[in-house]
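Heads up: the structure comes next, in structure tokens.
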Amino acid sequence: MSALVRVEDLHVRFRTAERTVHAVNGVDLSLGQGEVLGLLGESGSGKSVTLRSLLRLLPERRTQTKGRIEVAGHDVLALEGAALRAYRGKVVSMIFQEPMLAFDPVFTIGDQIAEAVMRHERADRAAGRARALEMLERVRIPSARRRLDAYPHEMSGGMRQRAMIALALACRPRVLLADEPTTALDATVQIQILLLLRELQKEFGMGVIFVTHDIGVALEVSDRLAVMYAGRIVERGSARDLIRATAHPYPRGLLASTVHGAMRGRRLDAIPGAPPDLSQVPEGCAFAPRCRLAEPACVAARPPVVEIGEAHVAECRRPVTGSVPAEG
Amino acid sequence: MLQYLLRRFVYAIPIALGVSVVCFALVHISPGDPLASVLPPDASLEMQQIMRQVYGFDRPLPVQFGFWLWRALAGDLGVSIATGRPVAGEVWHAFGNTFMLAALAAAFGFSAGALLGLVAGYWRGGWIDRLASTLSIAGISVPHYWLGMVLAIVFSVQLNWLPATGAGPGGSADWTWDWAHVRFLVLPALTMSVIPLGIVARSVRALVGDILSQEFVDALRAKGLPESGIFLHILKNAAPTSLAVMGLQLGYLLGGSILIETVFAWPGTGFLLGNAILQRDLPLLQGTILVLAMFFVVLNLLVDVAQTWLDPRIKRA
């Protein structure tokens, strides 16, 4: 299978006068046509930064990016000017976490969708708005024609996220990036949005990278999962393998700390400690200070990438076999 | 929308009424007898009594206020104690002069300030931002009467390019819009524009910086808009607040500046106000302040309406 998205050895550093943050430290990713990859990790693990570098949305002056990003034949890190603009929104588009913040508050939803269509397809305003209406109907916004002239603040959170999806898909992108699109929503609305996304993904045949910190959500939508910690992918595999035979202690800890399958009356197993300070890249395994299985070698040098199963790898010196404790 | 306008208009009435009470009360709060300046020091008690009756100062305060307000509504602001001419005419004439000055100062100050602010906010931290910020801080901090004097010394006395004082070769009575007259406007208008320029520039810069840090700007980039398209979004987001700042500044400008109009001997409301204070001409003072205050009320109303029209988030219902 030829990959739609290929990220190789991506490093992202943010520099300010006071300090440098090593947000992403050597990430490899690939995404096939029509595939959904779930990128799982906690705040600060580098998942959103990875996503944003795919669209080159990181502040240029303060960011240093190394590595290679290839999307549908485009060398993304080398794109400039008109080529970059033609790429953004047309080849790859993005759904943001907070639609209230991601829409311009003083333009109508219809105009904001039409604007993208007008740019990429050289359409006039009428054609742009016609597409906007079509998309709003596609994401099942009730009385879509009226919503065309609504401002973002006049809609509910769920409606806004639907409109955001309509905007992202308006130019039929080949890759959709979703940055925690359901985090800001009510639980009942979350599931509706997830189902809608899954349905549209099948219909449009897009590749999707779905960033979340919620394992349940990640499992719901993903074909494959990658777990990030301190700017690296520590384990990757098919969603089912990764959950059934979690090898790396960090995702195991994540699973053990969820309510699913835990026994009533028993305390949930939380991961001790806090994520590392990313002002320096750790020499060895970044998770070692919090890991119960860590040995001196873990801290000294970067752990090897071990194959757990078919297309299932973990970056760990002491991978575990067997199911997660809280479930068994 | 019409309903909103109507309601907004109705709200302005109590404000205007309150303002007129304050203006009227000025006479009675200020120390000293308003008649002291027109009567000789040795005037008899009987004479004082007669004058008091002529000006109506012998009646109870609420009655005086009622008469005053009634006449003010009809456009009669009384008679200047110093000149004996109707206050309304004096104020009207002075206001015309100040209006010309303010309009020119606003046109220059607002456009230059907005431009400076946009540029500085957009390229924040760059040399152009530092230059713009220095200029605007200087504009706000420099005492404008001092700046006026310096400009007059440089451009009138040293270079002899522009006249230093007055409102036209034959005074302000025969004003026409030709260079012979307009050249008298240049220095005072330039001096007056410096403060609003600085304030508008700083507000717009802060606004643009704030807008640029919002996520929707990333979202606009993510859908492939060029910077010119993003600029349009910034403009529309910055417009309502910028407009409010400008409206307020325009109010100050229209109020005239006692200091600048005195430095350049420009016969506007500030000049008039200065004279009224110096000569204890209370009817003139009252009338001028009332007209200026009403202008503020109307201007605020207009700014509010314009903001509502520009910003969909302000409820119209």
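Naming scheme: A, B, ... for chains in displayed order of the structure tokens; residues 1 onward per chain; ligands 1 onward as shown.
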Enumerate as a PyMOL selection string the residues belonging to chain B that approach chain A to within 8 Å, with only C-alpha atoms taken into account. chain B and resi 214-219+221-226+233+236-237+311-313
Keeping only C-alpha atoms, write those residues as a PDB file, in the first residue's frame.
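Written file, out.pdb:
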ATOM      1  CA  GLN B 214      -6.651  33.790  18.294  1.00  0.00           C
ATOM      2  CA  GLU B 215      -7.068  30.333  16.908  1.00  0.00           C
ATOM      3  CA  PHE B 216      -9.317  31.322  14.032  1.00  0.00           C
ATOM      4  CA  VAL B 217      -6.327  32.932  12.352  1.00  0.00           C
ATOM      5  CA  ASP B 218      -4.650  29.511  12.290  1.00  0.00           C
ATOM      6  CA  ALA B 219      -7.886  28.081  10.970  1.00  0.00           C
ATOM      7  CA  ARG B 221      -4.373  29.753   7.261  1.00  0.00           C
ATOM      8  CA  ALA B 222      -5.330  26.081   7.430  1.00  0.00           C
ATOM      9  CA  LYS B 223      -7.951  26.575   4.757  1.00  0.00           C
ATOM     10  CA  GLY B 224      -5.399  28.162   2.463  1.00  0.00           C
ATOM     11  CA  LEU B 225      -6.222  31.869   2.653  1.00  0.00           C
ATOM     12  CA  PRO B 226      -3.433  34.213   1.567  1.00  0.00           C
ATOM     13  CA  HIS B 233     -10.644  39.168   8.598  1.00  0.00           C
ATOM     14  CA  LYS B 236     -13.430  43.356  10.298  1.00  0.00           C
ATOM     15  CA  ASN B 237     -12.627  41.988  13.749  1.00  0.00           C
ATOM     16  CA  ASP B 311     -20.433  43.473  15.226  1.00  0.00           C
ATOM     17  CA  PRO B 312     -23.022  40.716  14.975  1.00  0.00           C
ATOM     18  CA  ARG B 313     -22.318  39.587  18.539  1.00  0.00           C
TER      19      ARG B 313
END
DSSP helix (DSSP H, G or I) residues within segment 243-287 of chain A, as a compact mmCIF listing (two decimals) with N, CA and C atoms, in the first residue's frame:
# COMPACT_ATOMS: atom_id res chain seq x y z
N ILE A 243 -4.64 -2.65 21.93
CA ILE A 243 -5.43 -2.72 23.16
C ILE A 243 -5.33 -4.11 23.80
N ARG A 244 -5.33 -5.13 22.94
CA ARG A 244 -5.33 -6.50 23.47
C ARG A 244 -3.99 -6.90 24.03
N PRO A 249 4.95 0.01 28.82
CA PRO A 249 4.36 0.30 30.15
C PRO A 249 3.51 1.57 30.17
N TYR A 250 3.83 2.56 29.30
CA TYR A 250 3.05 3.79 29.34
C TYR A 250 1.61 3.59 28.88
N PRO A 251 1.37 3.08 27.66
CA PRO A 251 -0.03 2.81 27.29
C PRO A 251 -0.71 1.79 28.22
N ARG A 252 0.07 0.88 28.78
CA ARG A 252 -0.53 -0.06 29.75
C ARG A 252 -1.05 0.71 30.96
N GLY A 253 -0.22 1.67 31.39
CA GLY A 253 -0.64 2.50 32.51
C GLY A 253 -1.88 3.31 32.17
N LEU A 254 -1.92 3.83 30.94
CA LEU A 254 -3.09 4.60 30.51
C LEU A 254 -4.34 3.74 30.58
N LEU A 255 -4.23 2.53 30.07
CA LEU A 255 -5.39 1.65 30.04
C LEU A 255 -5.82 1.28 31.46
N ALA A 256 -4.82 1.03 32.32
CA ALA A 256 -5.14 0.63 33.69
C ALA A 256 -5.81 1.76 34.45
Leu254 of chain B environment, 9 Å, only C-alpha atoms, sequence neighbours closer than 3 positions dropped, as a PyMOL selection string: chain B and resi 95+98-99+101-103+249-251+257+269+292+295-296
Shortest interatomic distance to Phe210 of chain A - which of A:Glu180, A:Ile271, A:Ser279, A:Asp223, counting only C-alpha atoms: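 Checking each candidate against Phe210 of chain A, we get A:Glu180 as the closest.
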Distance query Ile140 of chain B at most 12 Å, only C-alpha atoms, self and fewer than 4 positions along chain excluded, as a list in words: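 Everything that qualifies: Gly109, Gly113, Ser133, Thr134, Leu135, Ser136, His144, Leu147, Thr191, Met192, Ser193, Val194, Ile195, Pro196, Leu197, Gly198, Ile199, Val200, Ala201 and Arg202 of chain B.
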Please dump the current selection as a PDB file, in the first residue's frame; keep C-alpha atoms.
ATOM      1  CA  GLY B 109      -4.986  61.363  13.100  1.00  0.00           C
ATOM      2  CA  GLY B 113      -3.098  56.082  13.613  1.00  0.00           C
ATOM      3  CA  SER B 133       5.210  52.333  19.017  1.00  0.00           C
ATOM      4  CA  THR B 134       7.811  55.031  19.656  1.00  0.00           C
ATOM      5  CA  LEU B 135       5.875  57.463  17.494  1.00  0.00           C
ATOM      6  CA  SER B 136       2.573  56.745  19.185  1.00  0.00           C
ATOM      7  CA  HIS B 144       0.455  69.347  22.873  1.00  0.00           C
ATOM      8  CA  LEU B 147       4.327  70.816  20.476  1.00  0.00           C
ATOM      9  CA  THR B 191      -0.963  69.561  16.656  1.00  0.00           C
ATOM     10  CA  MET B 192      -4.430  68.361  17.584  1.00  0.00           C
ATOM     11  CA  SER B 193      -4.122  65.139  15.588  1.00  0.00           C
ATOM     12  CA  VAL B 194      -1.084  63.932  17.490  1.00  0.00           C
ATOM     13  CA  ILE B 195      -2.919  62.639  20.566  1.00  0.00           C
ATOM     14  CA  PRO B 196      -5.714  60.749  18.766  1.00  0.00           C
ATOM     15  CA  LEU B 197      -3.089  59.424  16.374  1.00  0.00           C
ATOM     16  CA  GLY B 198      -1.134  57.940  19.253  1.00  0.00           C
ATOM     17  CA  ILE B 199      -4.175  56.557  21.047  1.00  0.00           C
ATOM     18  CA  VAL B 200      -5.735  55.055  17.931  1.00  0.00           C
ATOM     19  CA  ALA B 201      -2.404  53.548  16.892  1.00  0.00           C
ATOM     20  CA  ARG B 202      -1.887  51.932  20.287  1.00  0.00           C
TER      21      ARG B 202
END
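Omitting Val297 of chain B and its sequence neighbours fewer than 2 positions away, and counting only C-alpha atoms, the residues within 8 Å are Ala12, Ile15, Ala16, Ala293, Met294, Phe295, Leu299, Asn300 and Leu301 of chain B.
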Now that the selection is made, can you save its residues with N, CA and C atoms as a PDB file, in the first residue's frame?
ATOM      1  N   ALA B  12     -30.849  57.758  25.753  1.00  0.00           N
ATOM      2  CA  ALA B  12     -29.975  58.931  25.732  1.00  0.00           C
ATOM      3  C   ALA B  12     -30.637  60.121  26.415  1.00  0.00           C
ATOM      4  N   ILE B  15     -29.745  60.712  30.105  1.00  0.00           N
ATOM      5  CA  ILE B  15     -28.339  61.128  30.161  1.00  0.00           C
ATOM      6  C   ILE B  15     -28.243  62.614  29.834  1.00  0.00           C
ATOM      7  N   ALA B  16     -28.930  63.005  28.769  1.00  0.00           N
ATOM      8  CA  ALA B  16     -28.893  64.406  28.350  1.00  0.00           C
ATOM      9  C   ALA B  16     -29.461  65.304  29.446  1.00  0.00           C
ATOM     10  N   ALA B 293     -21.473  69.014  25.747  1.00  0.00           N
ATOM     11  CA  ALA B 293     -21.887  67.776  26.410  1.00  0.00           C
ATOM     12  C   ALA B 293     -22.928  67.045  25.578  1.00  0.00           C
ATOM     13  N   MET B 294     -23.871  67.808  25.021  1.00  0.00           N
ATOM     14  CA  MET B 294     -24.890  67.198  24.174  1.00  0.00           C
ATOM     15  C   MET B 294     -24.246  66.530  22.967  1.00  0.00           C
ATOM     16  N   PHE B 295     -23.216  67.177  22.479  1.00  0.00           N
ATOM     17  CA  PHE B 295     -22.524  66.608  21.340  1.00  0.00           C
ATOM     18  C   PHE B 295     -21.934  65.250  21.688  1.00  0.00           C
ATOM     19  N   LEU B 299     -22.797  61.737  19.964  1.00  0.00           N
ATOM     20  CA  LEU B 299     -21.704  61.008  19.347  1.00  0.00           C
ATOM     21  C   LEU B 299     -21.612  59.583  19.885  1.00  0.00           C
ATOM     22  N   ASN B 300     -21.783  59.450  21.207  1.00  0.00           N
ATOM     23  CA  ASN B 300     -21.763  58.112  21.793  1.00  0.00           C
ATOM     24  C   ASN B 300     -22.880  57.253  21.246  1.00  0.00           C
ATOM     25  N   LEU B 301     -24.030  57.877  21.060  1.00  0.00           N
ATOM     26  CA  LEU B 301     -25.170  57.179  20.473  1.00  0.00           C
ATOM     27  C   LEU B 301     -24.806  56.674  19.082  1.00  0.00           C
TER      28      LEU B 301
END
If you count only C-alpha atoms, which residues fall within 10 Å of Thr182 of chain A, apart from same-chain ones fewer than 4 positions away, as number ranges by chain? A: 95-99, 157-158, 161, 178, 186-187, 189-194, 212, 214, 217
Please dump the current selection as a compact mmCIF listing (two decimals), in the first residue's frame; keep C-alpha atoms.
# COMPACT_ATOMS: atom_id res chain seq x y z
CA ILE A 95 -10.82 20.25 12.32
CA PHE A 96 -9.95 22.22 15.42
CA GLN A 97 -10.65 21.39 19.02
CA GLU A 98 -12.78 24.42 19.83
CA PRO A 99 -15.00 25.41 16.91
CA GLY A 157 -21.37 23.56 20.36
CA GLY A 158 -22.33 20.43 18.48
CA GLN A 161 -18.42 21.35 15.26
CA ALA A 178 -8.72 16.18 13.55
CA ASP A 186 -20.90 17.02 25.79
CA ALA A 187 -20.65 13.25 25.96
CA VAL A 189 -22.86 15.11 21.30
CA GLN A 190 -19.37 13.56 21.19
CA ILE A 191 -20.63 10.24 19.98
CA GLN A 192 -22.81 11.85 17.30
CA ILE A 193 -19.83 13.76 15.98
CA LEU A 194 -17.63 10.65 16.02
CA THR A 212 -7.06 12.62 21.17
CA ASP A 214 -9.29 9.83 25.22
CA VAL A 217 -12.67 7.93 21.50
Using only C-alpha atoms, can you tell me which of B:Ser203, B:Leu104, B:Gln286, B:Trp68 comes closest to Val245 of chain B?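 So, comparing all the options, the nearest one is B:Ser203.
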Shell around Ser20 of chain B at 8 Å using only C-alpha atoms, local window under 4 positions removed, as a CSV table (one decimal) with N, CA and C atoms, in the first residue's frame:
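Saved the output as selection.csv:
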chain,number,residue,atom,x,y,z
B,16,ALA,N,-28.9,63.0,28.8
B,16,ALA,CA,-28.9,64.4,28.3
B,16,ALA,C,-29.5,65.3,29.4
B,24,PHE,N,-26.2,73.4,34.5
B,24,PHE,CA,-26.9,74.5,35.2
B,24,PHE,C,-26.4,74.7,36.6
B,69,LEU,N,-33.9,75.5,31.0
B,69,LEU,CA,-34.0,74.4,30.2
B,69,LEU,C,-34.9,74.6,29.0
B,290,LEU,N,-22.9,73.0,27.8
B,290,LEU,CA,-24.1,72.3,27.5
B,290,LEU,C,-24.0,71.8,26.0
Could you tell me how far atom CA of Val54 of chain B sits from atom CA of Trp92 of chain B, in Å to one decimal place?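 Straight-line distance from atom CA of Trp92 of chain B to atom CA of Val54 of chain B works out to 24.5 Å.
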Restricting the calculation to only C-alpha atoms, which member of B:Trp123, B:Tyr145, B:Phe155, B:Tyr4 is positioned closest to Val263 of chain B?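 Of all the options, B:Tyr145 lies closest to Val263 of chain B.
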